[in-house]
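File shown: protein.txt. Contents: compact mmCIF, C-alpha atoms.
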```txt
# COMPACT_ATOMS: atom_id res chain seq x y z
CA MET A 44 0.00 0.00 0.00
CA SER A 45 1.42 3.38 -1.00
CA ALA A 46 1.95 6.16 1.54
CA SER A 47 -1.03 8.40 2.28
CA PHE A 48 -1.19 11.74 0.48
CA TYR A 49 -1.02 13.29 3.96
CA SER A 50 2.75 13.04 3.79
CA THR A 51 2.86 15.31 0.73
CA ILE A 52 0.81 18.15 2.24
CA ASP A 53 2.73 21.40 2.67
CA THR A 54 1.42 22.80 5.94
CA ASN A 55 3.06 26.17 5.25
CA SER A 56 1.23 26.77 1.99
CA ARG A 57 -1.42 29.09 3.45
CA GLU A 58 -1.18 32.75 2.53
CA ARG A 59 0.38 34.80 5.33
CA ILE A 60 -1.64 37.91 6.10
CA SER A 61 0.13 40.87 7.67
CA LEU A 62 -1.26 42.23 10.91
CA ALA A 63 -2.76 45.70 10.48
CA PRO A 64 -0.58 48.55 11.80
CA GLY A 65 -1.74 50.01 15.08
CA SER A 66 -1.47 49.99 18.87
CA TYR A 67 -2.41 46.68 20.46
CA GLY A 68 -3.26 46.45 24.13
CA THR A 69 -2.57 48.75 27.08
CA SER A 70 -0.16 48.79 30.01
CA LYS A 71 -2.57 46.50 31.85
CA GLN A 72 -4.14 44.39 29.10
CA ALA A 73 -2.09 42.56 26.49
CA GLY A 74 -2.98 42.83 22.83
CA LEU A 75 -0.26 40.76 21.16
CA LYS A 76 1.09 37.24 21.60
CA ILE A 77 4.39 35.61 20.61
CA VAL A 78 3.29 32.46 18.79
CA ALA A 79 6.59 31.11 17.44
CA TYR A 80 10.37 31.45 17.48
CA ILE A 81 11.67 31.60 13.91
CA GLU A 82 14.94 29.73 14.11
CA LYS A 83 15.86 30.12 10.42
CA ALA A 84 15.55 33.91 10.63
CA SER A 85 17.44 34.18 13.93
CA LYS A 86 21.08 34.96 13.20
CA ASN A 87 23.98 37.27 14.00
CA ASP A 88 23.85 40.82 12.65
CA ARG A 89 26.83 42.63 11.13
CA ALA A 90 28.10 43.60 14.57
CA GLY A 91 28.00 40.00 15.77
CA ASN A 92 24.96 40.44 18.00
CA MET A 93 22.27 37.73 17.97
CA ARG A 94 19.06 38.88 16.34
CA HIS A 95 16.24 36.65 17.57
CA SER A 96 13.15 36.54 15.37
CA PHE A 97 9.60 35.78 16.50
CA LEU A 98 6.17 35.54 14.90
CA VAL A 99 3.47 37.54 16.67
CA SER A 100 -0.32 37.52 16.43
CA ALA A 101 -2.95 39.77 18.02
CA THR A 102 -5.27 38.71 20.82
CA ARG A 103 -7.64 41.63 20.28
CA PRO A 104 -8.24 44.40 17.72
CA SER A 105 -5.92 47.41 17.77
CA ARG A 106 -7.03 50.67 19.38
CA GLU A 107 -7.45 52.15 15.93
CA GLN A 108 -9.68 49.28 14.79
CA LEU A 109 -11.82 49.51 17.91
CA GLN A 110 -12.24 53.27 17.46
CA SER A 111 -13.03 52.85 13.77
CA ASN A 112 -15.64 50.18 14.45
CA GLY A 113 -17.09 52.24 17.24
CA ASN A 114 -17.66 55.11 14.83
CA GLY A 115 -19.45 52.84 12.39
CA LYS A 116 -16.71 53.06 9.78
CA ALA A 117 -15.06 50.24 7.88
CA SER A 118 -12.59 48.16 9.83
CA ALA A 119 -8.96 49.20 9.54
CA ALA A 120 -8.11 45.58 8.73
CA GLY A 121 -9.76 45.89 5.33
CA ASP A 122 -12.72 44.15 3.68
CA HIS A 123 -13.51 40.75 5.15
CA PRO A 124 -16.53 38.66 6.20
CA LEU A 125 -18.44 39.97 9.19
CA ASP A 126 -17.59 36.89 11.22
CA ALA A 127 -13.83 37.28 10.64
CA PRO A 128 -11.73 38.83 13.44
CA ASP A 129 -10.59 42.43 13.05
CA PHE A 130 -7.13 41.40 14.22
CA GLU A 131 -6.40 38.72 11.63
CA GLY A 132 -2.78 38.36 10.57
CA THR A 133 0.73 38.14 11.97
CA ALA A 134 3.73 40.41 12.46
CA PHE A 135 7.43 39.85 13.07
CA LEU A 136 9.28 40.78 16.25
CA SER A 137 13.05 41.11 16.50
CA LEU A 138 14.98 40.99 19.76
CA THR A 139 18.70 41.67 19.49
CA LEU A 140 20.99 40.58 22.32
CA SER A 141 24.63 39.75 22.96
CA GLU A 142 26.64 38.21 25.77
CA LEU A 143 28.35 41.56 26.34
CA TRP A 144 25.07 43.46 26.65
CA GLN A 145 23.70 40.81 29.01
CA ALA A 146 26.59 41.21 31.45
CA PRO A 147 25.48 42.91 34.71
CA GLU A 148 28.25 45.49 34.29
CA SER A 149 26.90 46.55 30.90
CA VAL A 150 23.35 46.72 32.24
CA ALA A 151 24.39 48.82 35.23
CA LEU A 152 26.36 51.24 33.05
CA ALA A 153 23.64 51.49 30.41
CA PHE A 154 20.66 52.15 32.65
CA THR A 155 22.61 54.57 34.83
CA GLU A 156 23.49 56.53 31.70
CA ALA A 157 19.90 56.30 30.43
CA SER A 158 18.64 57.86 33.67
CA ARG A 159 20.28 61.25 32.97
CA ASN A 160 17.83 64.15 32.74
CA LYS A 161 18.07 67.06 30.29
CA ALA A 162 20.62 68.73 32.52
CA GLY A 163 22.81 65.64 32.32
CA GLU A 164 22.26 64.65 35.94
CA ILE A 165 22.03 60.96 36.84
CA GLN A 166 18.67 60.11 38.37
CA ALA A 167 19.28 56.45 39.20
CA ASP A 168 22.72 55.07 40.06
CA TYR A 169 22.43 51.41 39.11
CA GLU A 170 26.21 51.03 39.26
CA ALA A 171 26.11 51.70 43.00
CA LYS A 172 23.16 49.32 43.42
CA ALA A 173 24.93 46.56 41.49
CA LEU A 174 28.05 47.01 43.63
CA ALA A 175 26.03 46.99 46.86
CA ASN A 176 24.21 43.81 45.80
CA GLY A 177 27.44 42.06 44.88
CA ASP A 178 26.36 41.61 41.25
CA VAL A 179 29.57 43.31 40.09
CA THR A 180 32.91 44.43 41.49
CA ALA A 181 34.63 47.80 41.21
CA GLU A 182 37.24 46.12 39.01
CA SER A 183 34.70 44.52 36.64
CA MET A 184 32.79 47.81 36.37
CA GLN A 185 35.99 49.64 35.43
CA LYS A 186 36.84 47.02 32.80
CA ALA A 187 33.38 47.39 31.26
CA ARG A 188 33.64 51.19 31.29
CA ILE A 189 37.03 51.04 29.56
CA HIS A 190 35.64 48.62 26.95
CA TYR A 191 32.79 50.93 25.94
CA GLN A 192 35.06 53.97 25.95
CA LYS A 193 37.49 52.18 23.64
CA LEU A 194 34.63 51.04 21.42
CA ALA A 195 33.41 54.63 21.16
CA THR A 196 36.90 55.98 20.52
CA ASP A 197 37.62 53.46 17.77
CA LYS A 198 34.38 54.37 15.96
CA VAL A 199 35.02 58.09 16.23
CA ILE A 200 38.55 57.74 14.86
CA ALA A 201 37.37 55.42 12.08
CA ALA A 202 34.92 58.16 11.06
CA ASN A 203 37.86 60.55 10.46
CA THR A 204 36.58 62.98 13.09
CA PRO A 205 38.60 66.23 13.27
CA GLU A 206 41.09 66.15 16.12
CA ASP A 207 39.59 69.13 17.91
CA SER A 208 36.20 67.39 17.99
CA ILE A 209 37.31 63.91 19.06
CA ALA A 210 36.79 64.34 22.82
CA GLU A 211 33.19 65.52 22.45
CA ALA A 212 32.44 62.95 19.75
CA VAL A 213 33.77 60.10 21.92
CA LYS A 214 31.56 61.25 24.79
CA ALA A 215 28.49 61.27 22.52
CA GLN A 216 29.36 57.88 20.98
CA TYR A 217 29.93 56.37 24.43
CA ARG A 218 26.41 57.40 25.44
CA LYS A 219 25.08 56.04 22.13
CA GLU A 220 26.68 52.64 22.73
CA LEU A 221 25.16 52.40 26.19
CA GLN A 222 21.81 53.70 24.98
CA GLN A 223 21.65 50.78 22.57
CA VAL A 224 22.24 48.37 25.46
CA SER A 225 19.50 49.98 27.57
CA ILE A 226 17.01 49.79 24.70
CA LYS A 227 17.68 46.17 23.74
CA VAL A 228 18.00 44.79 27.26
CA GLY A 229 15.01 46.94 28.22
CA GLN A 230 12.88 45.17 25.61
CA PHE A 231 14.09 41.82 26.94
CA PHE A 232 13.08 42.82 30.48
CA GLN A 233 9.72 44.22 29.32
CA LEU A 234 8.77 40.91 27.69
CA GLN A 235 9.86 39.05 30.82
CA ASP A 236 7.69 41.36 32.95
CA TRP A 237 4.67 40.41 30.83
CA LYS A 238 5.65 36.74 31.07
CA ASN A 239 5.90 36.92 34.86
CA GLY A 240 2.73 38.89 35.55
CA GLY A 241 4.58 42.12 36.24
CA ASP A 242 6.97 40.57 38.79
CA LYS A 243 10.21 42.46 38.08
CA GLY A 244 12.04 40.34 40.61
CA LYS A 245 12.04 37.47 38.11
CA ARG A 246 14.03 39.31 35.46
CA ASN A 247 16.80 37.05 34.20
CA LEU A 248 19.57 38.19 31.86
CA GLN A 249 20.32 34.57 30.94
CA LEU A 250 16.76 33.57 30.03
CA ASN A 251 16.64 31.62 26.77
CA PRO A 252 14.65 33.87 24.37
CA VAL A 253 12.83 30.77 23.09
CA GLU A 254 11.04 30.71 26.46
CA LEU A 255 9.28 33.93 25.46
CA VAL A 256 7.04 31.99 23.06
CA GLY A 257 3.50 32.19 24.38
CA VAL A 258 4.02 35.52 26.13
CA GLU A 259 1.21 38.04 25.70
CA PHE A 260 2.23 41.71 25.70
CA SER A 261 1.27 45.12 24.39
CA GLY A 262 2.98 47.12 21.69
CA ARG A 263 3.01 48.98 18.42
CA VAL A 264 2.83 47.33 14.99
CA GLU A 265 3.89 49.11 11.81
CA LYS A 266 4.32 48.19 8.17
CA SER A 267 7.78 46.81 7.47
CA ASN A 268 10.17 48.16 4.85
CA VAL A 269 10.65 44.57 3.68
CA GLY A 270 7.87 43.44 1.35
CA ASP A 271 4.26 43.33 2.43
CA GLN A 272 4.97 42.55 6.06
CA SER A 273 4.27 44.01 9.48
CA GLU A 274 6.68 44.28 12.40
CA VAL A 275 6.48 45.11 16.08
CA THR A 276 8.30 48.43 16.51
CA GLY A 277 7.52 49.07 20.16
CA ILE A 278 6.98 47.05 23.33
CA TRP A 279 5.12 48.70 26.20
CA SER A 280 5.91 48.27 29.86
CA ARG A 281 3.47 46.34 32.00
CA SER A 282 2.08 48.35 34.88
```
Can you turn what I pasted into structure tokens?
Amino acid sequence: MSASFYSTIDTNSRERISLAPGSYGTSKQAGLKIVAYIEKASKNDRAGNMRHSFLVSATRPSREQLQSNGNGKASAAGDHPLDAPDFEGTAFLSLTLSELWQAPESVALAFTEASRNKAGEIQADYEAKALANGDVTAESMQKARIHYQKLATDKVIAANTPEDSIAEAVKAQYRKELQQVSIKVGQFFQLQDWKNGGDKGKRNLQLNPVELVGVEFSGRVEKSNVGDQSEVTGIWSRS
């Protein structure tokens, strides 16, 4: 007896519909859900950082769709049968991390720098907190600081910056390097907060990103620059 035709069915042959751009959920109620980790699309970027890729769906219509429907206008998701959900479709989510960024020294430096107000004053000294908790040592903090300063200096020099502007440019680039860490690690923590019901005490720098599959969160979806796709461009903190 020959094999059933079941074995020849391509389960990925369905048309992929892009999730409509908009704001999904609130700080208290999730509107998006990570449904899969896309291993083939998860790879190192040009800088050597790991770019994790996920597939996301919506658990409820976006704010824009709800407002549009409430006003009696056509759904923002486009023409579709009345019994079809307004939030049909999927979007991609990227989470970029690296071992360096996930070091407690990097996190302490980055979020301390990110806490500066417009006057340049530090509002939260996470370096001091990390030292007090024993998460880092004065020596390891200094090594991390030197690393980011060298990284900033090398980039400024490679950009052929005029000599009289190097000092200021290095300072700006140093802040830029740490800002990137605070943004990327911040997204990682935000997703973990949603996963753990808002319990920030369960944040784990070494969590395997694959464990984020199934997490429901809130965020912003926009049309991607790559083909007819949608991507999550913002993740909101859980209150």
Pull the closest atom pair for each residue of stretch 213-278 of chain A that gets at most 7 Å from stretch 64-76 of chain A, along with the distance in Å to one decimal, counting all atoms listed in the file, ordering rows by chain and then ascending residue number, as CSV.
```
residue,atom,partner,partner_atom,distance
A:Gly257,CA,A:Lys76,CA,6.2
A:Val258,CA,A:Lys76,CA,5.7
A:Glu259,CA,A:Lys76,CA,4.2
A:Phe260,CA,A:Ala73,CA,4.5
A:Ser261,CA,A:Ala73,CA,4.7
A:Gly262,CA,A:Tyr67,CA,5.5
A:Arg263,CA,A:Ser66,CA,4.6
A:Val264,CA,A:Pro64,CA,4.8
A:Glu265,CA,A:Pro64,CA,4.5
A:Lys266,CA,A:Pro64,CA,6.1
```
Grab all the atoms of stretch 251-264 of chain A that the file lists, wrap them in a box along x, y and z, add 3 Å per side, and give me centre plus edge lengths in Å (one decimal) as AutoDock Vina command-line options.
```
--center_x 8.9 --center_y 39.8 --center_z 20.9 --size_x 21.4 --size_y 24.3 --size_z 17.8
```
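In this comparison, which uses all atoms listed in the file, the residue of A:Arg94, A:Val228, A:Ser105, A:Ser100 approaching A:Ala79 most closely is A:Ser100.
The shortest atom-to-atom distance to A:Ala84, with only C-alpha atoms taken into account, belongs to A:Leu138 out of A:Leu109, A:Ser282, A:Val199, A:Leu138.
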message = Around the point (18.3, 33.5, 30.8) (coordinates from the file), which residues reach within 12 Å if we count only C-alpha atoms? Answer as a list in words.
response = Leu140, Ser141, Glu142, Gln145, Ala146, Val228, Phe231, Phe232, Gln235, Lys245, Arg246, Asn247, Leu248, Gln249, Leu250, Asn251, Pro252, Val253, Glu254 and Leu255 of chain A
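Near A:Ala195, within 9 Å and counting only C-alpha atoms, sit His190, Tyr191, Val199, Ile200, Ala212, Val213, Lys214, Ala215, Gln216, Tyr217, Arg218, Lys219 and Glu220 of chain A; same-chain residues fewer than 4 positions away were not included.
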Saved selection, atoms kept: C-alpha atoms, as a CSV table (one decimal), keeping the file's coordinate frame:
```
chain,number,residue,atom,x,y,z
A,190,HIS,CA,35.6,48.6,27.0
A,191,TYR,CA,32.8,50.9,25.9
A,199,VAL,CA,35.0,58.1,16.2
A,200,ILE,CA,38.6,57.7,14.9
A,212,ALA,CA,32.4,63.0,19.8
A,213,VAL,CA,33.8,60.1,21.9
A,214,LYS,CA,31.6,61.2,24.8
A,215,ALA,CA,28.5,61.3,22.5
A,216,GLN,CA,29.4,57.9,21.0
A,217,TYR,CA,29.9,56.4,24.4
A,218,ARG,CA,26.4,57.4,25.4
A,219,LYS,CA,25.1,56.0,22.1
A,220,GLU,CA,26.7,52.6,22.7
```
task = Take atom CA of A:Arg106 and atom CA of A:Leu62 and report the distance between them in Å, one decimal.
result = 13.3 Å
request  = Pick out the residues sitting within 8 Å of A:Leu221, and hand them over as a list of chain:residue names; count all atoms listed in the file, and ignore anything fewer than 4 positions along from it in its own chain.
outcome  = A:Ser149, A:Leu152, A:Ala153, A:Phe154, A:Glu156, A:Ala157, A:Tyr191, A:Tyr217, A:Ser225
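All residues that come within 9 Å of the coordinates (20.3, 38.1, 13.9), counting only C-alpha atoms, are given as Ala84, Ser85, Lys86, Asn87, Asp88, Arg89, Gly91, Asn92, Met93, Arg94, His95, Ser96, Ser137, Leu138, Thr139 and Leu140 of chain A.
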Residues from the last selection, C-alpha atoms, saved as a compact mmCIF listing (two decimals), in the coordinates of the input:
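Dumped everything to result_24.txt:
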```txt
# COMPACT_ATOMS: atom_id res chain seq x y z
CA ALA A 84 15.55 33.91 10.63
CA SER A 85 17.44 34.18 13.93
CA LYS A 86 21.08 34.96 13.20
CA ASN A 87 23.98 37.27 14.00
CA ASP A 88 23.85 40.82 12.65
CA ARG A 89 26.83 42.63 11.13
CA GLY A 91 28.00 40.00 15.77
CA ASN A 92 24.96 40.44 18.00
CA MET A 93 22.27 37.73 17.97
CA ARG A 94 19.06 38.88 16.34
CA HIS A 95 16.24 36.65 17.57
CA SER A 96 13.15 36.54 15.37
CA SER A 137 13.05 41.11 16.50
CA LEU A 138 14.98 40.99 19.76
CA THR A 139 18.70 41.67 19.49
CA LEU A 140 20.99 40.58 22.32
```
ask   = Do you know which residues are at most 12 Å from A:Lys172 counting all atoms listed in the file, after dropping those on the same chain fewer than 2 positions away, and could you put them as a PyMOL selection string?
value = chain A and resi 147-148+150-152+154-155+167-170+174-181
query = What is the atom CA of A:Lys198 to atom CA of A:Met184 distance in Å?
reply = 21.5 Å
Atoms are missing here; could stretch 158-169 of chain A be completed with N, CA and C atoms and written as an mmCIF file, in the frame of the given file?
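Contents of part-v4.cif, freshly written:
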```cif
data_model
loop_
_atom_site.group_PDB
_atom_site.id
_atom_site.type_symbol
_atom_site.label_atom_id
_atom_site.label_comp_id
_atom_site.auth_asym_id
_atom_site.auth_seq_id
_atom_site.Cartn_x
_atom_site.Cartn_y
_atom_site.Cartn_z
ATOM 1 N N SER A 158 19.431 57.143 32.669
ATOM 2 C CA SER A 158 18.640 57.860 33.670
ATOM 3 C C SER A 158 18.948 59.369 33.714
ATOM 4 N N ARG A 159 19.921 59.820 32.941
ATOM 5 C CA ARG A 159 20.280 61.250 32.970
ATOM 6 C C ARG A 159 19.099 62.102 32.492
ATOM 7 N N ASN A 160 18.873 63.215 33.166
ATOM 8 C CA ASN A 160 17.830 64.150 32.740
ATOM 9 C C ASN A 160 18.405 65.124 31.709
ATOM 10 N N LYS A 161 17.626 66.112 31.311
ATOM 11 C CA LYS A 161 18.070 67.060 30.290
ATOM 12 C C LYS A 161 19.296 67.845 30.713
ATOM 13 N N ALA A 162 19.455 67.997 32.004
ATOM 14 C CA ALA A 162 20.620 68.730 32.520
ATOM 15 C C ALA A 162 21.847 67.833 32.631
ATOM 16 N N GLY A 163 21.687 66.560 32.279
ATOM 17 C CA GLY A 163 22.810 65.640 32.320
ATOM 18 C C GLY A 163 23.047 65.001 33.679
ATOM 19 N N GLU A 164 22.109 65.190 34.592
ATOM 20 C CA GLU A 164 22.260 64.650 35.940
ATOM 21 C C GLU A 164 21.698 63.230 36.036
ATOM 22 N N ILE A 165 22.457 62.343 36.664
ATOM 23 C CA ILE A 165 22.030 60.960 36.840
ATOM 24 C C ILE A 165 20.916 60.887 37.866
ATOM 25 N N GLN A 166 19.823 60.223 37.479
ATOM 26 C CA GLN A 166 18.670 60.110 38.370
ATOM 27 C C GLN A 166 18.605 58.772 39.100
ATOM 28 N N ALA A 167 19.274 57.773 38.574
ATOM 29 C CA ALA A 167 19.280 56.450 39.200
ATOM 30 C C ALA A 167 20.649 55.811 39.015
ATOM 31 N N ASP A 168 21.368 55.615 40.118
ATOM 32 C CA ASP A 168 22.720 55.070 40.060
ATOM 33 C C ASP A 168 22.673 53.546 40.214
ATOM 34 N N TYR A 169 22.499 52.866 39.082
ATOM 35 C CA TYR A 169 22.430 51.410 39.110
ATOM 36 C C TYR A 169 23.808 50.782 39.302
#
```
